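K.L.:
Supplied in structure tokens, the structure appears directly below.
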Amino acid sequence: MRKVHDGKRKAILKMVMLVCIAVFVLVHPLSASADVIFEPENNFYERHSDECSYFDRSCLAGADTYLWDAPNLVTGGRKAQEGEKIYISFVYTDKDGIEWGLAESLDKWVLMADLYLEYGTPEFMEEHSDEIYEGDPYLLSDGTVFVSWSYPESGYIDQADASVMDDYEITTFYTDPDGRLWGYTAYMYGTRDVWICLSDMEDTSIPQRVEHELIPAQEIDASQIAAVKESGQFSVIFLVIPVIIIAGIAGFLIWWFWIRQKRDREVSR
């Protein structure tokens with residue numbers, strides 16, 4: 001009876017502890033202020049994750065963009081279409097300084113030298129670093145509606161009807177040549193690199209000032225890239241030939257130990 005009583009008491013104590021934990025979580029919910037980076041499910045990445053850097057940008061494919069199973073290992077002549085938008089999540093740099101981007105949705109790797117970047121916030125901030133400044137907080141009150149731009153006077157709207165949840169302060173600013181004040185935040189509600197025209201937050205007709213050319217995702221000697229592609233195609237031969245040889249040997253063994261012997265047994269009858 002004592003054992004039964006002790007068992008019931010432990011069960012009751014365990015239930016009380018679970019209830020207390022549940023109440024604590026409800027009353028004091030955990031809040032995450034950092035961006036969550038999901039690890040891609042790719043064999044090469046899993047083996048070299050500590051050598052990869054987070055990129056998180058979309059690129060445009062060039063005229064001769066191969067899709068590789070892994071850096072320096074191509075198993076076919078499949079290419080991306082020229083101008084195709086490819087999202088690159090992580091970049092791996094090999095021993096020769098050549099960068100490879102993981103096209104996560106395709107589960108393939110791409111030479112960054114084959115890709116082009118559209119002018120965006122990183123390029124704008126580098127070009128206008130002397131004009132971008134930190135200032136007193138600019139308060140966006142809860143419910144404020146605004147247009148989110150890719151960068152000041154880009155002509156490209158990321159979201160036309162964004163809104164503020166709770167009060168939000170902006171401390172990074174830029175004033176364009178027409179006197180418009182812009183506010184910048186690196187991260188807002190799951191979106192990176194948000195620009196707001198504080199002079200008129202709902203104006204969707206701010207024109208593009210400059211049309212920028214595409215930027216190579218990696219500038220590197222063209223002969224170096226050509227050599228990589230040639231060696232990749234060469235490696236295909238060394239991958240295919242052993243498969244053909246093994247298949248031939250397997251076929252011969254099947255014929256010798258099964259078909260031939262079966263035929264001989266039938267003849268002997």
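Following the order of the structure tokens, chains are lettered A, B, ..., residues in each are numbered from 1, and ligands are numbered from 1.
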List the neighbours of Ala61 of chain A out to 8 Å using only C-alpha atoms; skip same-chain residues closer than 2 positions along the sequence, and give me the result as a list in words.

P.N.:
Cys59, Ala63, Asp64, Thr65, Ala80, Gln81, Glu82, Gly83, Glu84, Lys85, Ile86, Asp114, Leu115 and Tyr116 of chain A

K.L.:
Write out as a short mmCIF file (atom, residue, chain, number, x, y, z; two decimals) with all heavy atoms, in the first residue's frame all residues of segment 27-142 of chain A that backbone DSSP assigns to strand (DSSP E).

P.N.:
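Saved file selection.cif follows:
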```cif
data_model
loop_
_atom_site.label_atom_id
_atom_site.label_comp_id
_atom_site.auth_asym_id
_atom_site.auth_seq_id
_atom_site.Cartn_x
_atom_site.Cartn_y
_atom_site.Cartn_z
N CYS A 52 30.83 27.65 -44.80
CA CYS A 52 29.88 28.39 -45.63
C CYS A 52 29.44 29.67 -44.92
O CYS A 52 29.31 29.69 -43.69
CB CYS A 52 28.65 27.53 -45.94
SG CYS A 52 29.02 26.06 -46.93
N SER A 53 29.19 30.71 -45.68
CA SER A 53 28.71 31.97 -45.12
C SER A 53 27.30 32.25 -45.62
O SER A 53 26.93 31.89 -46.75
CB SER A 53 29.64 33.12 -45.52
OG SER A 53 29.75 33.22 -46.93
N TYR A 54 26.50 32.87 -44.77
CA TYR A 54 25.10 33.18 -45.08
C TYR A 54 25.05 34.30 -46.12
O TYR A 54 25.68 35.34 -45.96
CB TYR A 54 24.38 33.59 -43.80
CG TYR A 54 22.87 33.70 -43.92
CD1 TYR A 54 22.13 32.66 -44.47
CD2 TYR A 54 22.19 34.83 -43.46
CE1 TYR A 54 20.75 32.74 -44.57
CE2 TYR A 54 20.82 34.92 -43.54
CZ TYR A 54 20.11 33.87 -44.10
OH TYR A 54 18.73 33.96 -44.19
N PHE A 55 24.29 34.10 -47.19
CA PHE A 55 24.22 35.07 -48.29
C PHE A 55 22.82 35.67 -48.41
O PHE A 55 22.64 36.88 -48.41
CB PHE A 55 24.62 34.38 -49.60
CG PHE A 55 24.82 35.33 -50.75
CD1 PHE A 55 25.91 36.19 -50.78
CD2 PHE A 55 23.92 35.37 -51.81
CE1 PHE A 55 26.09 37.07 -51.84
CE2 PHE A 55 24.09 36.24 -52.86
CZ PHE A 55 25.18 37.09 -52.88
N ASP A 56 21.81 34.84 -48.58
CA ASP A 56 20.41 35.25 -48.53
C ASP A 56 20.07 36.35 -49.53
O ASP A 56 19.54 37.39 -49.18
CB ASP A 56 20.06 35.70 -47.10
CG ASP A 56 18.56 35.96 -46.93
OD1 ASP A 56 17.77 35.26 -47.58
OD2 ASP A 56 18.20 36.86 -46.16
N ARG A 57 20.38 36.10 -50.82
CA ARG A 57 20.01 37.04 -51.88
C ARG A 57 19.66 36.28 -53.14
O ARG A 57 20.15 35.18 -53.39
CB ARG A 57 21.14 38.02 -52.20
CG ARG A 57 21.34 39.11 -51.18
CD ARG A 57 22.32 40.16 -51.65
NE ARG A 57 21.78 41.00 -52.70
CZ ARG A 57 22.42 42.05 -53.20
NH1 ARG A 57 23.64 42.37 -52.76
NH2 ARG A 57 21.87 42.78 -54.16
N SER A 58 18.81 36.88 -53.95
CA SER A 58 18.48 36.31 -55.26
C SER A 58 19.42 36.88 -56.31
O SER A 58 19.77 38.07 -56.27
CB SER A 58 17.03 36.62 -55.63
OG SER A 58 16.14 35.90 -54.81
N CYS A 59 19.84 36.03 -57.23
CA CYS A 59 20.74 36.42 -58.31
C CYS A 59 20.11 36.06 -59.65
O CYS A 59 19.16 35.28 -59.71
CB CYS A 59 22.09 35.72 -58.17
SG CYS A 59 22.92 35.99 -56.59
N LEU A 60 20.67 36.61 -60.71
CA LEU A 60 20.21 36.30 -62.05
C LEU A 60 21.25 35.44 -62.75
O LEU A 60 22.46 35.74 -62.69
CB LEU A 60 19.95 37.58 -62.86
CG LEU A 60 18.90 38.53 -62.29
CD1 LEU A 60 18.80 39.79 -63.14
CD2 LEU A 60 17.53 37.85 -62.20
N ALA A 61 20.81 34.38 -63.42
CA ALA A 61 21.72 33.48 -64.11
C ALA A 61 22.28 34.14 -65.36
O ALA A 61 21.56 34.84 -66.08
CB ALA A 61 21.01 32.18 -64.47
N LYS A 85 15.93 33.86 -62.17
CA LYS A 85 16.22 34.33 -60.81
C LYS A 85 16.45 33.11 -59.92
O LYS A 85 15.62 32.21 -59.84
CB LYS A 85 15.07 35.18 -60.28
CG LYS A 85 15.36 35.81 -58.93
CD LYS A 85 14.37 36.92 -58.58
CE LYS A 85 14.69 38.20 -59.30
NZ LYS A 85 13.92 39.36 -58.77
N ILE A 86 17.60 33.08 -59.26
CA ILE A 86 17.99 31.96 -58.42
C ILE A 86 18.30 32.48 -57.01
O ILE A 86 19.15 33.36 -56.85
CB ILE A 86 19.23 31.23 -58.99
CG1 ILE A 86 18.93 30.70 -60.39
CG2 ILE A 86 19.66 30.09 -58.08
CD1 ILE A 86 20.13 30.07 -61.08
N TYR A 87 17.63 31.92 -56.03
CA TYR A 87 17.89 32.32 -54.64
C TYR A 87 19.09 31.55 -54.09
O TYR A 87 19.12 30.32 -54.13
CB TYR A 87 16.66 32.06 -53.76
CG TYR A 87 16.94 32.25 -52.28
CD1 TYR A 87 17.13 33.52 -51.75
CD2 TYR A 87 17.04 31.16 -51.43
CE1 TYR A 87 17.42 33.71 -50.41
CE2 TYR A 87 17.32 31.33 -50.08
CZ TYR A 87 17.50 32.61 -49.58
OH TYR A 87 17.79 32.79 -48.25
N ILE A 88 20.08 32.28 -53.60
CA ILE A 88 21.28 31.68 -53.02
C ILE A 88 21.24 31.89 -51.50
O ILE A 88 21.21 33.02 -51.03
CB ILE A 88 22.56 32.33 -53.59
CG1 ILE A 88 22.60 32.17 -55.12
CG2 ILE A 88 23.80 31.72 -52.95
CD1 ILE A 88 22.68 30.75 -55.61
N SER A 89 21.23 30.79 -50.77
CA SER A 89 21.15 30.89 -49.31
C SER A 89 22.53 30.98 -48.65
O SER A 89 22.75 31.80 -47.77
CB SER A 89 20.37 29.72 -48.74
OG SER A 89 20.95 28.48 -49.14
N PHE A 90 23.46 30.12 -49.10
CA PHE A 90 24.80 30.10 -48.50
C PHE A 90 25.86 30.07 -49.61
O PHE A 90 25.59 29.61 -50.72
CB PHE A 90 24.98 28.86 -47.61
CG PHE A 90 24.25 28.95 -46.30
CD1 PHE A 90 22.91 28.58 -46.22
CD2 PHE A 90 24.88 29.41 -45.15
CE1 PHE A 90 22.22 28.66 -45.01
CE2 PHE A 90 24.21 29.49 -43.95
CZ PHE A 90 22.88 29.12 -43.87
N VAL A 91 27.05 30.56 -49.28
CA VAL A 91 28.16 30.57 -50.22
C VAL A 91 29.35 29.83 -49.61
O VAL A 91 29.71 30.05 -48.44
CB VAL A 91 28.57 32.01 -50.59
CG1 VAL A 91 29.87 32.02 -51.38
CG2 VAL A 91 27.47 32.69 -51.40
N TYR A 92 29.94 28.95 -50.41
CA TYR A 92 31.14 28.20 -50.01
C TYR A 92 32.31 28.68 -50.88
O TYR A 92 32.18 28.80 -52.10
CB TYR A 92 30.90 26.70 -50.21
CG TYR A 92 32.16 25.85 -50.15
CD1 TYR A 92 32.72 25.49 -48.93
CD2 TYR A 92 32.77 25.41 -51.32
CE1 TYR A 92 33.87 24.70 -48.88
CE2 TYR A 92 33.91 24.62 -51.27
CZ TYR A 92 34.46 24.28 -50.05
OH TYR A 92 35.60 23.51 -50.01
N THR A 93 33.46 28.93 -50.27
CA THR A 93 34.65 29.34 -51.00
C THR A 93 35.66 28.21 -50.98
O THR A 93 36.06 27.75 -49.90
CB THR A 93 35.26 30.61 -50.38
OG1 THR A 93 34.26 31.65 -50.33
CG2 THR A 93 36.44 31.10 -51.22
N GLU A 99 34.05 31.07 -55.44
CA GLU A 99 32.84 31.02 -54.63
C GLU A 99 31.74 30.21 -55.31
O GLU A 99 31.52 30.33 -56.52
CB GLU A 99 32.33 32.44 -54.35
CG GLU A 99 33.30 33.26 -53.51
CD GLU A 99 32.81 34.68 -53.28
OE1 GLU A 99 31.78 35.07 -53.89
OE2 GLU A 99 33.46 35.42 -52.50
N TRP A 100 31.05 29.41 -54.50
CA TRP A 100 29.96 28.57 -54.97
C TRP A 100 28.71 28.89 -54.15
O TRP A 100 28.76 28.90 -52.92
CB TRP A 100 30.30 27.10 -54.80
CG TRP A 100 31.52 26.65 -55.55
CD1 TRP A 100 32.83 26.83 -55.17
CD2 TRP A 100 31.56 25.96 -56.79
NE1 TRP A 100 33.67 26.28 -56.10
CE2 TRP A 100 32.93 25.74 -57.11
CE3 TRP A 100 30.57 25.49 -57.67
CZ2 TRP A 100 33.33 25.09 -58.26
CZ3 TRP A 100 30.96 24.83 -58.82
CH2 TRP A 100 32.33 24.63 -59.11
N GLY A 101 27.60 29.13 -54.82
CA GLY A 101 26.36 29.45 -54.12
C GLY A 101 25.42 28.26 -54.10
O GLY A 101 25.30 27.52 -55.09
N LEU A 102 24.76 28.06 -52.97
CA LEU A 102 23.79 26.97 -52.86
C LEU A 102 22.42 27.47 -53.32
O LEU A 102 21.80 28.31 -52.66
CB LEU A 102 23.71 26.48 -51.42
CG LEU A 102 22.62 25.43 -51.11
CD1 LEU A 102 22.78 24.20 -52.00
CD2 LEU A 102 22.65 25.03 -49.64
N ALA A 103 21.98 26.97 -54.47
CA ALA A 103 20.63 27.27 -54.96
C ALA A 103 19.69 26.30 -54.25
O ALA A 103 19.42 25.20 -54.74
CB ALA A 103 20.57 27.10 -56.47
N LYS A 108 21.06 22.46 -55.78
CA LYS A 108 22.24 22.48 -56.64
C LYS A 108 23.16 23.60 -56.21
O LYS A 108 22.77 24.51 -55.48
CB LYS A 108 21.83 22.69 -58.11
CG LYS A 108 20.97 21.59 -58.71
CD LYS A 108 21.75 20.30 -58.90
CE LYS A 108 20.90 19.22 -59.56
NZ LYS A 108 21.64 17.95 -59.73
N TRP A 109 24.41 23.54 -56.71
CA TRP A 109 25.39 24.58 -56.46
C TRP A 109 25.70 25.31 -57.76
O TRP A 109 25.66 24.70 -58.84
CB TRP A 109 26.67 23.98 -55.87
CG TRP A 109 26.49 23.47 -54.48
CD1 TRP A 109 25.97 22.27 -54.11
CD2 TRP A 109 26.77 24.17 -53.26
NE1 TRP A 109 25.91 22.16 -52.74
CE2 TRP A 109 26.41 23.30 -52.20
CE3 TRP A 109 27.32 25.41 -52.95
CZ2 TRP A 109 26.57 23.66 -50.86
CZ3 TRP A 109 27.49 25.77 -51.63
CH2 TRP A 109 27.12 24.91 -50.60
N VAL A 110 25.99 26.59 -57.65
CA VAL A 110 26.22 27.42 -58.83
C VAL A 110 27.49 28.25 -58.60
O VAL A 110 27.71 28.75 -57.49
CB VAL A 110 25.03 28.38 -59.08
CG1 VAL A 110 25.25 29.19 -60.35
CG2 VAL A 110 23.73 27.60 -59.17
N LEU A 111 28.29 28.38 -59.63
CA LEU A 111 29.43 29.27 -59.55
C LEU A 111 28.94 30.71 -59.42
O LEU A 111 28.16 31.18 -60.26
CB LEU A 111 30.29 29.14 -60.81
CG LEU A 111 31.22 27.93 -60.89
CD1 LEU A 111 31.68 27.70 -62.32
CD2 LEU A 111 32.43 28.13 -59.98
N LEU A 115 26.78 34.23 -61.93
CA LEU A 115 25.56 34.92 -61.52
C LEU A 115 25.76 36.43 -61.46
O LEU A 115 26.89 36.92 -61.36
CB LEU A 115 25.11 34.42 -60.14
CG LEU A 115 24.82 32.93 -60.01
CD1 LEU A 115 24.51 32.58 -58.56
CD2 LEU A 115 23.66 32.51 -60.91
N TYR A 116 24.62 37.14 -61.51
CA TYR A 116 24.65 38.60 -61.41
C TYR A 116 23.71 39.06 -60.31
O TYR A 116 22.66 38.46 -60.08
CB TYR A 116 24.23 39.23 -62.75
CG TYR A 116 25.23 38.99 -63.86
CD1 TYR A 116 25.12 37.87 -64.68
CD2 TYR A 116 26.29 39.88 -64.07
CE1 TYR A 116 26.04 37.64 -65.70
CE2 TYR A 116 27.21 39.66 -65.08
CZ TYR A 116 27.08 38.55 -65.88
OH TYR A 116 28.00 38.32 -66.88
N LEU A 117 24.12 40.13 -59.65
CA LEU A 117 23.30 40.74 -58.60
C LEU A 117 22.61 41.98 -59.14
O LEU A 117 23.20 42.74 -59.91
CB LEU A 117 24.17 41.14 -57.41
CG LEU A 117 24.85 40.04 -56.60
CD1 LEU A 117 25.84 40.66 -55.62
CD2 LEU A 117 23.82 39.21 -55.86
N TYR A 133 23.28 58.37 -42.10
CA TYR A 133 23.69 58.79 -40.76
C TYR A 133 22.73 58.27 -39.69
O TYR A 133 21.59 57.89 -39.98
CB TYR A 133 23.78 60.31 -40.68
CG TYR A 133 22.47 61.02 -40.96
CD1 TYR A 133 21.61 61.41 -39.92
CD2 TYR A 133 22.07 61.31 -42.26
CE1 TYR A 133 20.41 62.05 -40.17
CE2 TYR A 133 20.87 61.95 -42.53
CZ TYR A 133 20.05 62.33 -41.49
OH TYR A 133 18.84 62.95 -41.74
N GLU A 134 23.22 58.25 -38.46
CA GLU A 134 22.42 57.89 -37.30
C GLU A 134 21.91 59.18 -36.64
O GLU A 134 22.65 60.15 -36.52
CB GLU A 134 23.25 57.08 -36.30
CG GLU A 134 23.75 55.74 -36.83
CD GLU A 134 22.62 54.77 -37.14
OE1 GLU A 134 21.72 54.63 -36.28
OE2 GLU A 134 22.65 54.17 -38.23
N GLY A 135 20.64 59.17 -36.24
CA GLY A 135 20.06 60.36 -35.63
C GLY A 135 19.12 60.00 -34.50
O GLY A 135 19.02 58.84 -34.10
N ASP A 136 18.44 61.02 -33.99
CA ASP A 136 17.46 60.79 -32.92
C ASP A 136 16.36 59.87 -33.43
O ASP A 136 15.96 59.94 -34.60
CB ASP A 136 16.86 62.12 -32.47
CG ASP A 136 17.89 63.02 -31.80
OD1 ASP A 136 18.86 62.46 -31.24
OD2 ASP A 136 17.73 64.25 -31.86
N PRO A 137 15.83 59.01 -32.57
CA PRO A 137 14.79 58.06 -32.99
C PRO A 137 13.57 58.75 -33.61
O PRO A 137 13.10 59.77 -33.10
CB PRO A 137 14.42 57.35 -31.69
CG PRO A 137 15.61 57.50 -30.82
CD PRO A 137 16.19 58.85 -31.15
N TYR A 138 13.13 58.17 -34.73
CA TYR A 138 11.91 58.63 -35.40
C TYR A 138 10.84 57.58 -35.08
O TYR A 138 10.98 56.41 -35.44
CB TYR A 138 12.13 58.74 -36.91
CG TYR A 138 10.97 59.35 -37.68
CD1 TYR A 138 11.02 60.66 -38.14
CD2 TYR A 138 9.82 58.59 -37.96
CE1 TYR A 138 9.97 61.21 -38.87
CE2 TYR A 138 8.78 59.14 -38.66
CZ TYR A 138 8.85 60.44 -39.12
OH TYR A 138 7.80 60.99 -39.82
N LEU A 139 9.79 58.01 -34.40
CA LEU A 139 8.78 57.07 -33.93
C LEU A 139 7.70 56.82 -34.97
O LEU A 139 7.06 57.76 -35.46
CB LEU A 139 8.13 57.58 -32.64
CG LEU A 139 7.03 56.70 -32.04
CD1 LEU A 139 7.60 55.36 -31.60
CD2 LEU A 139 6.34 57.42 -30.87
N LEU A 140 7.50 55.54 -35.31
CA LEU A 140 6.36 55.11 -36.11
C LEU A 140 5.37 54.51 -35.14
O LEU A 140 5.64 53.47 -34.53
CB LEU A 140 6.79 54.08 -37.17
CG LEU A 140 7.83 54.53 -38.20
CD1 LEU A 140 8.21 53.36 -39.10
CD2 LEU A 140 7.30 55.68 -39.03
#
```

K.L.:
Between A:Ile215, A:Thr172, A:Met188, A:Arg78, which has the minimum distance to Gly120 of chain A (counting only C-alpha atoms)?

P.N.:
A:Ile215

K.L.:
Skip Gln208 of chain A itself and residues of its chain fewer than 3 positions away, then list as a PDB file with N, CA and C atoms, in the first residue's frame all residues within 6 Å of it, counting only C-alpha atoms.

P.N.:
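This is the output file around.pdb:
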```pdb
ATOM      1  N   GLU A 153      14.736  55.876 -53.861  1.00  0.00           N
ATOM      2  CA  GLU A 153      14.619  56.216 -55.288  1.00  0.00           C
ATOM      3  C   GLU A 153      15.004  55.044 -56.197  1.00  0.00           C
ATOM      4  N   SER A 154      14.653  53.850 -55.748  1.00  0.00           N
ATOM      5  CA  SER A 154      14.923  52.659 -56.555  1.00  0.00           C
ATOM      6  C   SER A 154      13.865  52.458 -57.628  1.00  0.00           C
ATOM      7  N   GLY A 155      12.653  52.986 -57.358  1.00  0.00           N
ATOM      8  CA  GLY A 155      11.535  52.747 -58.264  1.00  0.00           C
ATOM      9  C   GLY A 155      10.909  51.381 -58.067  1.00  0.00           C
TER      10      GLY A 155
END
```

K.L.:
Which residues of segment 108-155 of chain A have any atom within 7 Å of an atom in segment 174-185 of chain A when counting only C-alpha atoms, and what is the closest pair of atoms for each, with the distance in Å to one decimal? Order the rows by chain and rising number and write it as JSON lines.

P.N.:
```
{"residue": "A:Glu131", "atom": "CA", "partner": "A:Tyr174", "partner_atom": "CA", "distance": 6.3}
{"residue": "A:Ile132", "atom": "CA", "partner": "A:Tyr174", "partner_atom": "CA", "distance": 4.9}
{"residue": "A:Tyr133", "atom": "CA", "partner": "A:Tyr174", "partner_atom": "CA", "distance": 6.6}
{"residue": "A:Pro152", "atom": "CA", "partner": "A:Trp182", "partner_atom": "CA", "distance": 6.9}
```

K.L.:
Nearest residue to Gln224 of chain A out of A:Glu39, A:Gly76, A:Tyr151, A:Ala113, using only C-alpha atoms?

P.N.:
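Closest to Gln224 of chain A, using only C-alpha atoms: A:Ala113.
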
K.L.:
In Å to one decimal, how far is atom CA of Arg192 of chain A from atom CA of Glu118 of chain A?

P.N.:
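So the two atoms, atom CA of Glu118 of chain A and atom CA of Arg192 of chain A, lie 15.8 Å apart.
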
K.L.:
List every residue of segment 43-209 of chain A that DSSP, applied to the backbone, labels as alpha helix (DSSP H), and write the result as a list in words.

P.N.:
Asn43, Phe44, Tyr45, Glu46, Arg47, His48, Thr121, Pro122, Glu123, Phe124, Met125, Glu126 and Glu127 of chain A

K.L.:
Since we have the selection now, will you write its residues out, keeping N, CA, C and O atoms, as a CSV table (one decimal), in the first residue's frame?

P.N.:
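Result file follows (again-v9.csv):
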```
chain,number,residue,atom,x,y,z
A,43,ASN,N,23.6,17.6,-48.9
A,43,ASN,CA,24.7,16.7,-48.5
A,43,ASN,C,26.0,17.5,-48.3
A,43,ASN,O,26.7,17.4,-47.3
A,44,PHE,N,26.4,18.3,-49.4
A,44,PHE,CA,27.7,19.0,-49.3
A,44,PHE,C,27.7,20.0,-48.2
A,44,PHE,O,28.6,20.2,-47.4
A,45,TYR,N,26.6,20.7,-48.1
A,45,TYR,CA,26.5,21.8,-47.1
A,45,TYR,C,26.6,21.2,-45.7
A,45,TYR,O,27.3,21.7,-44.8
A,46,GLU,N,26.0,20.1,-45.4
A,46,GLU,CA,26.0,19.4,-44.1
A,46,GLU,C,27.4,19.0,-43.7
A,46,GLU,O,27.8,19.1,-42.6
A,47,ARG,N,28.2,18.7,-44.7
A,47,ARG,CA,29.6,18.3,-44.4
A,47,ARG,C,30.6,19.5,-44.3
A,47,ARG,O,31.6,19.4,-43.7
A,48,HIS,N,30.1,20.7,-44.9
A,48,HIS,CA,31.0,21.9,-44.9
A,48,HIS,C,30.3,23.1,-44.4
A,48,HIS,O,30.7,24.2,-44.7
A,121,THR,N,20.2,47.2,-51.5
A,121,THR,CA,20.6,47.9,-50.3
A,121,THR,C,22.1,47.8,-50.0
A,121,THR,O,22.7,48.8,-49.7
A,122,PRO,N,22.7,46.6,-50.1
A,122,PRO,CA,24.2,46.6,-49.8
A,122,PRO,C,25.0,47.5,-50.7
A,122,PRO,O,25.9,48.2,-50.2
A,123,GLU,N,24.6,47.5,-52.0
A,123,GLU,CA,25.4,48.4,-52.9
A,123,GLU,C,25.0,49.9,-52.6
A,123,GLU,O,25.9,50.7,-52.7
A,124,PHE,N,23.8,50.2,-52.4
A,124,PHE,CA,23.4,51.6,-52.1
A,124,PHE,C,24.1,52.1,-50.8
A,124,PHE,O,24.6,53.2,-50.8
A,125,MET,N,24.1,51.3,-49.8
A,125,MET,CA,24.7,51.7,-48.5
A,125,MET,C,26.2,51.9,-48.7
A,125,MET,O,26.8,52.8,-48.1
A,126,GLU,N,26.8,51.1,-49.5
A,126,GLU,CA,28.3,51.3,-49.8
A,126,GLU,C,28.5,52.6,-50.6
A,126,GLU,O,29.5,53.3,-50.3
A,127,GLU,N,27.7,52.8,-51.6
A,127,GLU,CA,27.9,54.0,-52.5
A,127,GLU,C,27.6,55.3,-51.7
A,127,GLU,O,28.2,56.3,-52.0
```

K.L.:
Give the answer as one residue: which of A:Asp94, A:Tyr187, A:Val228, A:Met112 has the shortest atom-to-atom distance to Gly62 of chain A, using only C-alpha atoms?

P.N.:
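Selected residue with least distance to Gly62 of chain A: A:Met112.
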
K.L.:
Out of A:Pro40, A:Asp50, A:Leu106, A:Pro71, which residue has the shortest atom-to-atom distance to Gly232 of chain A when counting only C-alpha atoms?

P.N.:
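Closest to Gly232 of chain A, using only C-alpha atoms: A:Pro71.
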
K.L.:
At what distance in Å, to one decimal, does atom CA of Ser148 of chain A lie from atom CA of Asp200 of chain A?

P.N.:
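About the pair atom CA of Asp200 of chain A and atom CA of Ser148 of chain A: they are 11.5 Å apart.
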
K.L.:
Quick one, how far is atom CA of Ile157 of chain A from atom CA of Thr204 of chain A?

P.N.:
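Interatomic distance here is 7.6 Å.
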
K.L.:
For Gly143 of chain A, please output as a PDB file with all heavy atoms, in the first residue's frame all residues within 8 Å (counting only C-alpha atoms; exclusion window: fewer than 6 positions along the same chain).

P.N.:
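Output contents, as saved in part-v8.pdb:
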```
ATOM      1  N   SER A 163       2.495  47.811 -42.548  1.00  0.00           N
ATOM      2  CA  SER A 163       2.018  48.574 -41.394  1.00  0.00           C
ATOM      3  C   SER A 163       2.824  48.215 -40.154  1.00  0.00           C
ATOM      4  O   SER A 163       3.451  47.150 -40.089  1.00  0.00           O
ATOM      5  CB  SER A 163       0.527  48.311 -41.146  1.00  0.00           C
ATOM      6  OG  SER A 163       0.294  46.942 -40.869  1.00  0.00           O
ATOM      7  N   VAL A 164       2.809  49.134 -39.193  1.00  0.00           N
ATOM      8  CA  VAL A 164       3.585  48.976 -37.964  1.00  0.00           C
ATOM      9  C   VAL A 164       2.752  48.265 -36.902  1.00  0.00           C
ATOM     10  O   VAL A 164       1.581  48.592 -36.694  1.00  0.00           O
ATOM     11  CB  VAL A 164       4.036  50.354 -37.431  1.00  0.00           C
ATOM     12  CG1 VAL A 164       4.785  50.195 -36.115  1.00  0.00           C
ATOM     13  CG2 VAL A 164       4.913  51.054 -38.455  1.00  0.00           C
ATOM     14  N   MET A 165       3.361  47.274 -36.261  1.00  0.00           N
ATOM     15  CA  MET A 165       2.737  46.587 -35.127  1.00  0.00           C
ATOM     16  C   MET A 165       3.451  47.049 -33.860  1.00  0.00           C
ATOM     17  O   MET A 165       4.656  46.809 -33.714  1.00  0.00           O
ATOM     18  CB  MET A 165       2.848  45.071 -35.293  1.00  0.00           C
ATOM     19  CG  MET A 165       2.088  44.515 -36.487  1.00  0.00           C
ATOM     20  SD  MET A 165       2.243  42.711 -36.635  1.00  0.00           S
ATOM     21  CE  MET A 165       3.930  42.554 -37.198  1.00  0.00           C
ATOM     22  N   ASP A 166       2.741  47.730 -32.992  1.00  0.00           N
ATOM     23  CA  ASP A 166       3.329  48.375 -31.815  1.00  0.00           C
ATOM     24  C   ASP A 166       4.195  49.552 -32.285  1.00  0.00           C
ATOM     25  O   ASP A 166       4.519  49.678 -33.463  1.00  0.00           O
ATOM     26  CB  ASP A 166       4.162  47.392 -30.983  1.00  0.00           C
ATOM     27  CG  ASP A 166       3.317  46.256 -30.426  1.00  0.00           C
ATOM     28  OD1 ASP A 166       2.148  46.505 -30.104  1.00  0.00           O
ATOM     29  OD2 ASP A 166       3.843  45.122 -30.338  1.00  0.00           O
TER      30      ASP A 166
END
```
